[in-house]
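> After the structure tokens below, expect a handful of questions from me.
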Amino acid sequence: MIQNDLPAIFRDFDPIEDKMLQVIDNEGNVVNEPLMPALEDEIIIDAYKQMLYERLADEMAVSYQRQGRMYTYTPNMGQEAIHIAAGMNIRKEDWVVPAFREMGTLLAKGVTMKEMFLFYLGNEQGGSFKDAYHVLPIAISIGTQFHHATGIGYSVKYRKKDEAVYTFIGDGGTSEGDFSEGLNFAGVWQVPVVFTIQNNQYAISVPVKSQTNSINLAVKSVAFGIPGIKVDGNDFLAMYLVYKTASEYVRSGKGPVLIEAVTYRRGAHTTSDDPSKYRCKDEETLWGLTDPLIRLKRFMQNKGIWQIDEEKLIEEYRLEIDAQFVDAENNKSYPWEEVFENMYTDMPDELERQKMEYAQFLSWKEKRR
Amino acid sequence: MIQNDLPAIFRDFDPIEDKMLQVIDNEGNVVNEPLMPALEDEIIIDAYKQMLYERLADEMAVSYQRQGRMYTYTPNMGQEAIHIAAGMNIRKEDWVVPAFREMGTLLAKGVTMKEMFLFYLGNEQGGSFKDAYHVLPIAISIGTQFHHATGIGYSVKYRKKDEAVYTFIGDGGTSEGDFSEGLNFAGVWQVPVVFTIQNNQYAISVPVKSQTNSINLAVKSVAFGIPGIKVDGNDFLAMYLVYKTASEYVRSGKGPVLIEAVTYRRGAHTTSDDPSKYRCKDEETLWGLTDPLIRLKRFMQNKGIWQIDEEKLIEEYRLEIDAQFVDAENNKSYPWEEVFENMYTDMPDELERQKMEYAQFLSWKEKRR
Amino acid sequence: MSVMTMVKAINNALDIKLEEDKDIVVYGEDVGVEGGVFRVTEGLQQKYGVERVFDSPLAESGIVGTALGMAVSGLRPIVELQFEGFTFPAFNQILSNVSRMQNRSRKKYGVPMVIRFPYGGGVNALEHHSDSPEALFAHIPGLKVVIPSTPHDAKGLMISAIESNDPIIFMEPKRIYRAIKQEVSEEKFTLPLGKARVVQEGTDITIVAFGAMIRECQRAIAMAQETGISVELIDLRSIYPIDRETVGNSVRKTGRMLIVAEAHQSFSVGSELIAIANEEAFLYLEAPPRRVAGFDTIVPLAQGEKYYIISPERIFYEIEKSIKF
Amino acid sequence: MSVMTMVKAINNALDIKLEEDKDIVVYGEDVGVEGGVFRVTEGLQQKYGVERVFDSPLAESGIVGTALGMAVSGLRPIVELQFEGFTFPAFNQILSNVSRMQNRSRKKYGVPMVIRFPYGGGVNALEHHSDSPEALFAHIPGLKVVIPSTPHDAKGLMISAIESNDPIIFMEPKRIYRAIKQEVSEEKFTLPLGKARVVQEGTDITIVAFGAMIRECQRAIAMAQETGISVELIDLRSIYPIDRETVGNSVRKTGRMLIVAEAHQSFSVGSELIAIANEEAFLYLEAPPRRVAGFDTIVPLAQGEKYYIISPERIFYEIEKSIKF
Ligand SMILES: Cc1ncc(C[n+]2csc(CCOP(=O)(O)OP(=O)(O)O)c2C)c(N)n1
Ligand SMILES: Cc1ncc(C[n+]2csc(CCOP(=O)(O)OP(=O)(O)O)c2C)c(N)n1
Ligand SMILES: [Mg+2]
Ligand SMILES: [Mg+2]
């Protein structure tokens with residue numbers, strides 16, 4: 001049963017009534033003054049910078065891929081407000097259980113672009129996010145990550161730690177059994193998990209209306225007795241407010257929450273995908289008007305706090321990102337033994353044997369040359 | 001999105017408000033006169049007889065098992081109103097996709113007690129429900145049946161047939177991923193399926209409050225954009241009304257519905273289970289007061305249409321049921337070839353070979369004697 | 001005849017059957033407008049409409065489970081699972097229901113359905129996109145498991161699979177989806193399920209393989225030929241049932257056997273084939289039949305995959321070892 | 001020492017570890033108040049509280065998936081799946097995440113967890129309650145698969161499994177849950193994972209088996225002894241990794257091998273063992289190693305199960321055939 005001590009926004013934006021929380025409109029005008037989060041200008045500027053960094057890193061990743069320097073990549077463009085707002089509310093000790101399209105959040109947790117690049121260059125070292133504290137690797141099998149987050153939530157609660165868990169999924173992912181099961185376990189166990197649906201309107205080519213007949217995605221929370229809220233995912237200030245509220249809520253031990261962040265995947269599904277097959281330019285243009293960077297920039301301009309030399313920043317970021325890419329690209333070290341060595345803590349004899357046989361083959365091959 | 005042309009009861013008993021539809025109370029008094037279904041006395045009498053038959057068959061099955069004449073059995077006691085009300089609204093051409101605790105509905109569709117007994121005597125012939133039209137065998141893997149029902153619904157819709165599909169699940173089953181996925185597919189495809197949750201308060205030993213944090217089970221329909229309703233599952237008249245309304249709704253092509261029938265598993269989970277380990281006598285006694293047979297009988301008595309010589313009927317039914325059991329018990333025919341012959345339409349050579357090898361072993365064994 | 005890739009050949013098979021039989025429906029993730037992420041269903045929705053060729057919600061258990069419902073009620077569904085790595089959310093429906101419904105219902109209900117998906121490594125993919133799980137499906141009684149190695153076979157086997165009244169797991173080696181082009185008849189034709197094909201006759205050693213490995217074996221065989229070794233190559237085509245007769249005949253002739261398959265070595269199709277060789281040709285064996293297989297490890301990402309993937313050279317190495325035994 | 005059934009021995013192992021290590025939690029369907037449908041967790045909730053021993057919602061994917069979350073964050077979960085037939089909703093979590101997390105995270109995250117469930121036939125059960133799916137788990141790299149055949153082994157192996165930092169599939173032969181009683185130490189002890197046990201030495205033929213089949217083999221061996229055949233019996237204990245050394249040594253000694261296992265014959269543990277025998281002892285083989293196995297059919301319900309289930313007589317029949325080869 002949902003508690004009565006729900007934060008006001010969860011009551012005011014009841015997904016059953018299909019309301020959506022918004023703070024600024026596409027022009028950057030504040031449409032809901034009372035909800036305006038009390039953020040120092042510095043913080044807003046920093047947020048914009050982080051979004052810009054993600055945007056650039058993403059663009060560059062796409063172009064490295066186009067140049068044939070990297071394998072298939074999954075663009076993030078258009079979804080930065082969600083990632084950065086989440087990142088700003090996630091503390092060092094909190095856990096992130098990613099899906100695969102929240103680069104900005106990973107960066108905030110200490111994952112480097114070099115690692116991301118290394119991952120998309122086909123090296124597991126990159127995907128392990130080794131030095132990022134309490135970040136799980138990407139879970140490609142969609143939906144499964146909800147259970148992992150809930151399980152971590154149980155650990156945290158069991159050990160009475162002050163840690164929250166953040167996990168993500170796409171709109172398409174809400175159809176998987178694990179999505180529902182995961183929320184259901186979280187509801188029963190009342191674990192400190194913030195579940196985010198990034199509703200970017202498509203699962204590859206399939207529009208969200210073909211995924212479900214529900215009035216929105218946030219309302220799915222009702223089935224599991226969890227508070228849910230639908231929010232404009234391209235409105236950084238709205239996302240910030242919601243993450244702040246949700247974080248406080250789950251940290252205070254009141255149980256999990258579900259956020260539907262309404263956004264748009266401005267790029268292709270992956271670099272192997274061609275969206276023109278399944279959606280029209282008009283639609284892309286319309287959604288383009290809601291772009292989170294443009295909106296936050298306009299807000300800052302309206303407010304008179306836009307003092308960013310964007311061109312210089314772009315230049316600077318580009319150099320830095322490229323340096324990281326080149327670093328990753330130059331990392332050609334993948335000793336063959338690595339294939340075997342991470343499978344088990346206690347490596348089975350059988351694997352040792354296979355490794356030895358392979359070494360024999362390699363030395364035969366060497367000799368043959 | 002849920003249609004606006006929803007039948008009134010779905011609007012009046014919105015599961016979001018946790019309302020429960022009821023027509024008569026435990027004393028058999030009508031508590032909601034306007035909802036009283038217009039049923040001829042004969043029909044009500046017939047319903048009672050069917051419920052009585054199921055009750056007796058169930059009791060006898062338990063006792064055969066106790067006598068060591070049958071393997072583990074799954075009692076139905078207390079849930080008869082749901083089964084018979086469903087059965088009376090399911091037409092010959094409609095489909096039934098059972099879980100494993102809706103014996104009365106199966107009987108209404110033409111399954112015989114002999115078959116049920118044969119199944120619990122360990123013979124697949126019983127479980128195949130060979131002569132019952134459009135009835136699937138029992139799906140033991142909980143939740144999976146929701147997809148089968150939805151798929152059949154798609155067939156029916158695709159081929160423009162006037163057939164509805166009825167499927168069932170327990171309260172525990174609502175936690176399985178397939179429960180949610182199945183409802184979600186049904187919502188998107190708008191198929192003519194009536195989904196029933198028999199909320200008998202327990203999944204083996206686990207109470208429904210440990211299954212989910214949602215305010216009730218009917219409300220889960222909201223997550224899939226399907227109309228849902230919570231109904232007193234021990235009130236035959238309420239169940240009848242709901243099945244009649246739901247059947248008309250799905251047959252008219254408006255899409256699926258979800259029914260939560262609130263009931264109580266008066267018996268053990270199976271004959272190997274001992275409920276005293278996990279629930280108290282008081283609880284059982286309280287729920288006993290809501291027993292569907294007692295209530296309907298009182299209603300009939302109140303209405304003055306109780307003209308059943310129950311003792312005679314019980315005698316008669318018992319004889320008939322026992323005859324069917326003895327018939328099943330005497331069916332000792334299970335030729336060994338049957339193990340192989342139903343696996344494929346086109347039997348693989350490999351299976352032929354295994355069959356032949358087994359025949360060789362059997363003849364060796366024969367000779368050795 | 002026209003030149004086809006495997007993608008085109010399967011597309012053509014689906015097209016022919018959709019045209020012929022109104023009971024056939026095709027669905028899965030992105031198979032509609034998009035025509036599948038590998039374009040195997042391209043153009044079919046346009047031609048046959050959204051009721052017959054369509055996108056499903058993103059849920060594999062649902063895709064397979066609803067297909068079973070369709071199959072028992074008169075349709076003949078063909079479903080696509082997007083990658084082999086995403087068949088596992090559907091594993092319970094496949095193992096607990098699809099494979100069992102005929103037996104459970106004592107054949108009251110038939111299960112004419114095809115579950116098709118790309119599988120295998122060699123395409124520089126992310127995790128879950130390079131696996132070869134055929135042994136997992138082949139161990140489940142009630143299924144048939146089919147794997148083509150050429151466009152021609154893909155078409156003939158797919159049509160047979162669709163016409164079969166048993167549930168078929170149809171695994172498509174994605175590595176050669178477009179890498180091999182071949183003249184294939186535009187007409188309808190079928191190939192028998194459960195029968196292997198002798199790709200090339202030989203006398204010194206038998207190689208059994210399937211899918212994308214056939215091409216690698218042919219390359220290795222060319223190397224072997226240079227050293228005067230005559231290799232017989234068998235393309236299984238069907239993993240279950242496995243063609244014991246063809247394998248047995250060959251091994252009785254050559255006395256030696258290698259099995260080349262990408263999957264993890266332990267508990268693989270190779271293990272089964274060694275058992276079969278022992279059962280069928282024990283007295284003829286001149287060297288221990290051996291597996292050239294993937295390791296018991298996760299298939300590495302692109303940078304490490306070269307170690308895992310079976311090269312013609314590695315096959316040749318094993319041929320030589322066996323001959324020298 | 002005290003006399004224990006396997007149920008009691010496992011319960012005792014869980015008890016010892018729960019007592020010792022606060023990071024251990026035990027959960028699954030009905031494992032709390034009920035103590036599990038087979039009573040393996042009986043009394044543990046009372047003793048250790050509902051936070052450490054508890055009922056989960058009815059969803060196997062959730063049980064395993066949440067356990068993985070717990071394992072990577074410092075707990076050591078032991079989860080029960082109610083029957084082997086209900087492990088498959090969790091198959092995706094097991095194959096796609098549990099088995100892969102160490103490799104995927106380059107060992108940043110350990111996965112110390114045990115997934116335990118009863119399996120196997122011979123108890124007159126409904127469908128899905130008589131299966132032996134060990135080969136399906138053994139083919140998944142990243143897992144270890146353990147099966148005990150006695151109360152003593154069950155205890156020692158369970159404690160080792162719990163203490164292992166790798167994820168363990170622990171399969172409990174339900175048919176001998178209570179059928180075998182044995183003196184077992186009350187103290188804590190472990191048994192090495194991955195090592196087989198030579199149950200009885202012999203010279204004419206090697207039988208490899210595990211779980212409930214050990215007892216059936218012993219009965220067959222008694223029959224063989226009467227005809228003067230000396231049998232060596234190996235209890236695998238671990239299906240993956242499989243103890244190639246012990247098996248190889250034995251087959252090199254006896255020259256003959258039978259594998260006795262309930263699962264469907266094709267693509268089974270038996271197939272793997274025949275491959276191993278060929279790799280390890282080819283020149284010593286005097287007869288083709290053979291599988292005494294279940295058919296490639298669904299395990300029949302009670303009335304038909306007698307045909308499927310492996311009797312001592314059928315084992316003896318195969319011993320004789322091998323010896324006479
Ligand atoms: C279980 C599973 N099935 C299929 C896929 C293949 N796949 C990768 S991304 C994707 C679409 C996901 O859509 P959505 O959940 O909306 O996330 P988005 O890509 O839009 O961020 C699919 C089908 C997968 N990764 N996992
Ligand atoms: C997938 C799956 N998991 C576990 C089981 C074992 N099992 C059989 S009945 C049952 C409880 C079912 O509870 P509920 O859904 O409430 O139905 P009820 O038995 O109360 O009718 C369980 C766990 C199963 N049959 N299928
Ligand atoms: Mg999306
Ligand atoms: Mg129940």
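Numbering starts fresh at 1 for the residues of each chain in the structure tokens, the chains themselves are lettered A, B, ... in the order given, and ligands are numbered from 1 as they appear.
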With only C-alpha atoms as the counted atoms, please give the residues lying no more than 9 Å from stretch 320-324 of chain D, apart from itself and same-chain residues fewer than 5 positions off, as number ranges by chain.
D: 204-205, 224, 229, 256-258, 286-290, 315
> Please check the contacts: residues of chain A at most 6 Å away from chain D, using only C-alpha atoms, listed as a PyMOL selection string.
chain A and resi 128+147-148+150-152+155+342-343+348
> Restricted to N, CA, C and O atoms, what would the selected residues look like written as a short mmCIF file (atom, residue, chain, number, x, y, z; two decimals), in the first residue's frame?

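In the end it all went to part-v3.cif:
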data_model
loop_
_atom_site.label_atom_id
_atom_site.label_comp_id
_atom_site.auth_asym_id
_atom_site.auth_seq_id
_atom_site.Cartn_x
_atom_site.Cartn_y
_atom_site.Cartn_z
N SER A 128 33.83 -2.95 -17.87
CA SER A 128 33.76 -3.35 -16.46
C SER A 128 33.64 -2.16 -15.52
O SER A 128 33.26 -2.30 -14.37
N HIS A 147 15.90 -6.51 -11.41
CA HIS A 147 16.09 -7.44 -10.29
C HIS A 147 17.41 -7.19 -9.57
O HIS A 147 17.49 -7.30 -8.36
N HIS A 148 18.43 -6.88 -10.35
CA HIS A 148 19.73 -6.65 -9.72
C HIS A 148 19.64 -5.44 -8.78
O HIS A 148 20.14 -5.48 -7.66
N THR A 150 17.00 -4.30 -7.32
CA THR A 150 16.18 -4.65 -6.16
C THR A 150 16.98 -5.48 -5.17
O THR A 150 16.89 -5.29 -3.95
N GLY A 151 17.79 -6.39 -5.70
CA GLY A 151 18.63 -7.22 -4.83
C GLY A 151 19.65 -6.37 -4.08
O GLY A 151 19.87 -6.57 -2.88
N ILE A 152 20.25 -5.43 -4.78
CA ILE A 152 21.19 -4.54 -4.11
C ILE A 152 20.44 -3.73 -3.05
O ILE A 152 20.92 -3.54 -1.93
N SER A 155 20.23 -5.75 0.00
CA SER A 155 21.52 -5.73 0.72
C SER A 155 21.66 -4.48 1.58
O SER A 155 22.00 -4.53 2.75
N ASN A 342 38.85 -14.54 -16.29
CA ASN A 342 37.85 -13.82 -15.50
C ASN A 342 36.57 -14.61 -15.27
O ASN A 342 35.62 -14.12 -14.69
N MET A 343 36.58 -15.84 -15.78
CA MET A 343 35.34 -16.62 -15.70
C MET A 343 34.99 -17.05 -14.29
O MET A 343 33.83 -17.09 -13.91
N PRO A 348 38.24 -23.79 -12.94
CA PRO A 348 38.13 -25.26 -13.04
C PRO A 348 39.28 -25.85 -13.85
O PRO A 348 39.77 -25.23 -14.79
#
> Do you know which residues are within 12 Å of ligand 4 using only C-alpha atoms and all ligand atoms? Can you write them as a VMD selection string?
(chain B and resid 74 to 76 78 to 79 99 to 102 142 168 to 175 197 to 211 217 260 to 270) or (chain D and resid 57 to 58)
> Compute the set of chain D residues within 7 Å of chain C, using only C-alpha atoms, and express it as a list in words.
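Every residue of chain D that passes the 7 Å test is in Phe88, Pro89, Phe91, Asn92, Ala135, Leu136, Ala138, His139, Pro141, Gly142, Ser266, Phe267, Ser268, Val269, Ser271, Glu272, Ile274, Ala275, Asn278, Glu279, Phe282, Pro288, Pro289, Asp296, Thr297 and Ile298 of chain D.
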> What are the DSSP strand (DSSP E) residues of stretch 97-311 of chain A, as a PyMOL selection string?
chain A and resi 97+165-170+193-199+202-203+206-207+228-232+257-262
> Write out as a PyMOL selection string each polymer residue whose atoms come within 10 Å of D:Glu34, counting only C-alpha atoms; drop sequence neighbours fewer than 2 positions from it.
(chain B and resi 204-206+273-278) or (chain D and resi 29-32+36-43+45+54-55)
> Select, from A:Thr345, A:Thr285, A:Thr271, A:Ser214, the residue with the minimum atom-to-atom distance to chain B, counting only C-alpha atoms.
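The closest residue to chain B is A:Ser214.
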> Got a sec: who's within 12 Å of A:Phe119, counting only C-alpha atoms, leaving out chain neighbours fewer than 5 positions off, as a ChimeraX atom specification?
/A:61,70-74,100,111-114,124-130,137-138,325,328-329,331 /C:124-127,300-304 /D:104-105
> Using only C-alpha atoms, which chain A residues lie at most 6 Å away from chain B, written as a list in words?
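Listed by rising number, the hits are Met1, Gly177, Asp178, Glu181, Asn184, Gly187, Val188, Thr212, Asn213, Ser214, Ile215, Lys220, Ala223, Phe224 and Gly225 of chain A.
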> Convert the current residue selection to file output with all heavy atoms, as a tab-separated table (two decimals), in the first residue's frame.

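result_6.tsv was written with the following content:
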chain	number	residue	atom	x	y	z
A	1	MET	N	0.85	-1.19	0.00
A	1	MET	CA	0.00	0.00	0.00
A	1	MET	C	0.89	1.25	0.00
A	1	MET	O	1.86	1.33	0.74
A	1	MET	CB	-0.87	-0.01	1.27
A	1	MET	CG	-2.06	0.90	1.18
A	1	MET	SD	-3.45	0.15	0.33
A	1	MET	CE	-4.10	-0.93	1.63
A	177	GLY	N	8.94	-9.28	-18.77
A	177	GLY	CA	8.49	-9.80	-17.49
A	177	GLY	C	9.31	-9.30	-16.31
A	177	GLY	O	8.75	-8.99	-15.26
A	178	ASP	N	10.61	-9.19	-16.50
A	178	ASP	CA	11.47	-8.78	-15.39
A	178	ASP	C	11.20	-7.35	-14.93
A	178	ASP	O	11.46	-7.02	-13.76
A	178	ASP	CB	12.95	-8.91	-15.77
A	178	ASP	CG	13.48	-10.32	-15.53
A	178	ASP	OD1	12.70	-11.19	-15.11
A	178	ASP	OD2	14.69	-10.55	-15.76
A	181	GLU	N	8.22	-7.96	-12.60
A	181	GLU	CA	8.66	-8.74	-11.44
A	181	GLU	C	9.55	-7.90	-10.53
A	181	GLU	O	9.44	-7.95	-9.31
A	181	GLU	CB	9.46	-9.96	-11.89
A	181	GLU	CG	8.63	-11.09	-12.42
A	181	GLU	CD	9.47	-12.35	-12.64
A	181	GLU	OE1	10.61	-12.40	-12.15
A	181	GLU	OE2	8.97	-13.27	-13.30
A	184	ASN	N	7.68	-5.47	-8.59
A	184	ASN	CA	6.86	-6.15	-7.60
A	184	ASN	C	7.69	-6.56	-6.39
A	184	ASN	O	7.28	-6.35	-5.23
A	184	ASN	CB	6.19	-7.37	-8.24
A	184	ASN	CG	5.10	-7.93	-7.35
A	184	ASN	OD1	4.21	-7.19	-6.91
A	184	ASN	ND2	5.17	-9.22	-7.06
A	187	GLY	N	8.47	-3.51	-4.40
A	187	GLY	CA	7.31	-3.06	-3.62
A	187	GLY	C	7.12	-3.88	-2.35
A	187	GLY	O	6.85	-3.34	-1.28
A	188	VAL	N	7.29	-5.17	-2.48
A	188	VAL	CA	7.10	-6.04	-1.31
A	188	VAL	C	8.23	-5.81	-0.31
A	188	VAL	O	7.99	-5.73	0.90
A	188	VAL	CB	7.05	-7.53	-1.74
A	188	VAL	CG1	7.02	-8.44	-0.52
A	188	VAL	CG2	5.84	-7.79	-2.63
A	212	THR	N	2.43	-0.99	-25.30
A	212	THR	CA	1.48	-1.16	-24.20
A	212	THR	C	0.24	-0.33	-24.45
A	212	THR	O	0.28	0.67	-25.17
A	212	THR	CB	2.13	-0.75	-22.86
A	212	THR	OG1	1.22	-1.05	-21.79
A	212	THR	CG2	2.47	0.74	-22.83
A	213	ASN	N	-0.85	-0.76	-23.86
A	213	ASN	CA	-2.11	-0.03	-23.97
A	213	ASN	C	-2.35	0.86	-22.75
A	213	ASN	O	-3.40	1.47	-22.61
A	213	ASN	CB	-3.25	-1.04	-24.11
A	213	ASN	CG	-4.53	-0.41	-24.62
A	213	ASN	OD1	-4.51	0.36	-25.57
A	213	ASN	ND2	-5.65	-0.74	-23.98
A	214	SER	N	-1.38	0.94	-21.85
A	214	SER	CA	-1.60	1.74	-20.63
A	214	SER	C	-1.55	3.23	-20.96
A	214	SER	O	-0.91	3.63	-21.93
A	214	SER	CB	-0.56	1.40	-19.56
A	214	SER	OG	0.71	1.84	-19.94
A	215	ILE	N	-2.20	4.06	-20.15
A	215	ILE	CA	-2.29	5.49	-20.49
A	215	ILE	C	-0.93	6.17	-20.48
A	215	ILE	O	-0.72	7.16	-21.17
A	215	ILE	CB	-3.26	6.27	-19.56
A	215	ILE	CG1	-2.98	5.95	-18.10
A	215	ILE	CG2	-4.70	5.99	-19.94
A	215	ILE	CD1	-3.68	6.89	-17.13
A	220	LYS	N	2.19	2.29	-14.45
A	220	LYS	CA	2.45	0.88	-14.18
A	220	LYS	C	2.85	0.66	-12.71
A	220	LYS	O	2.72	-0.45	-12.19
A	220	LYS	CB	3.54	0.34	-15.12
A	220	LYS	CG	3.04	0.24	-16.58
A	220	LYS	CD	4.10	-0.24	-17.55
A	220	LYS	CE	3.59	-0.22	-18.98
A	220	LYS	NZ	2.77	-1.40	-19.35
A	223	ALA	N	0.43	-1.09	-10.26
A	223	ALA	CA	0.31	-2.54	-10.18
A	223	ALA	C	1.20	-3.13	-9.09
A	223	ALA	O	1.03	-4.29	-8.71
A	223	ALA	CB	0.68	-3.16	-11.53
A	224	PHE	N	2.14	-2.33	-8.60
A	224	PHE	CA	3.11	-2.87	-7.64
A	224	PHE	C	3.12	-2.10	-6.33
A	224	PHE	O	3.97	-2.31	-5.48
A	224	PHE	CB	4.49	-2.90	-8.30
A	224	PHE	CG	4.42	-3.46	-9.70
A	224	PHE	CD1	4.56	-2.64	-10.81
A	224	PHE	CD2	4.11	-4.80	-9.89
A	224	PHE	CE1	4.43	-3.16	-12.10
A	224	PHE	CE2	3.97	-5.33	-11.17
A	224	PHE	CZ	4.14	-4.50	-12.28
A	225	GLY	N	2.15	-1.18	-6.21
A	225	GLY	CA	2.05	-0.43	-4.96
A	225	GLY	C	3.23	0.46	-4.70
A	225	GLY	O	3.72	0.57	-3.58
> Can you pull out every residue from stretch 22-137 of chain D that DSSP, working from the backbone, puts in helix (DSSP H, G or I), and format the result as a PyMOL selection string?
chain D and resi 44-48+60-72+84-86+88-98+101-104+134-137
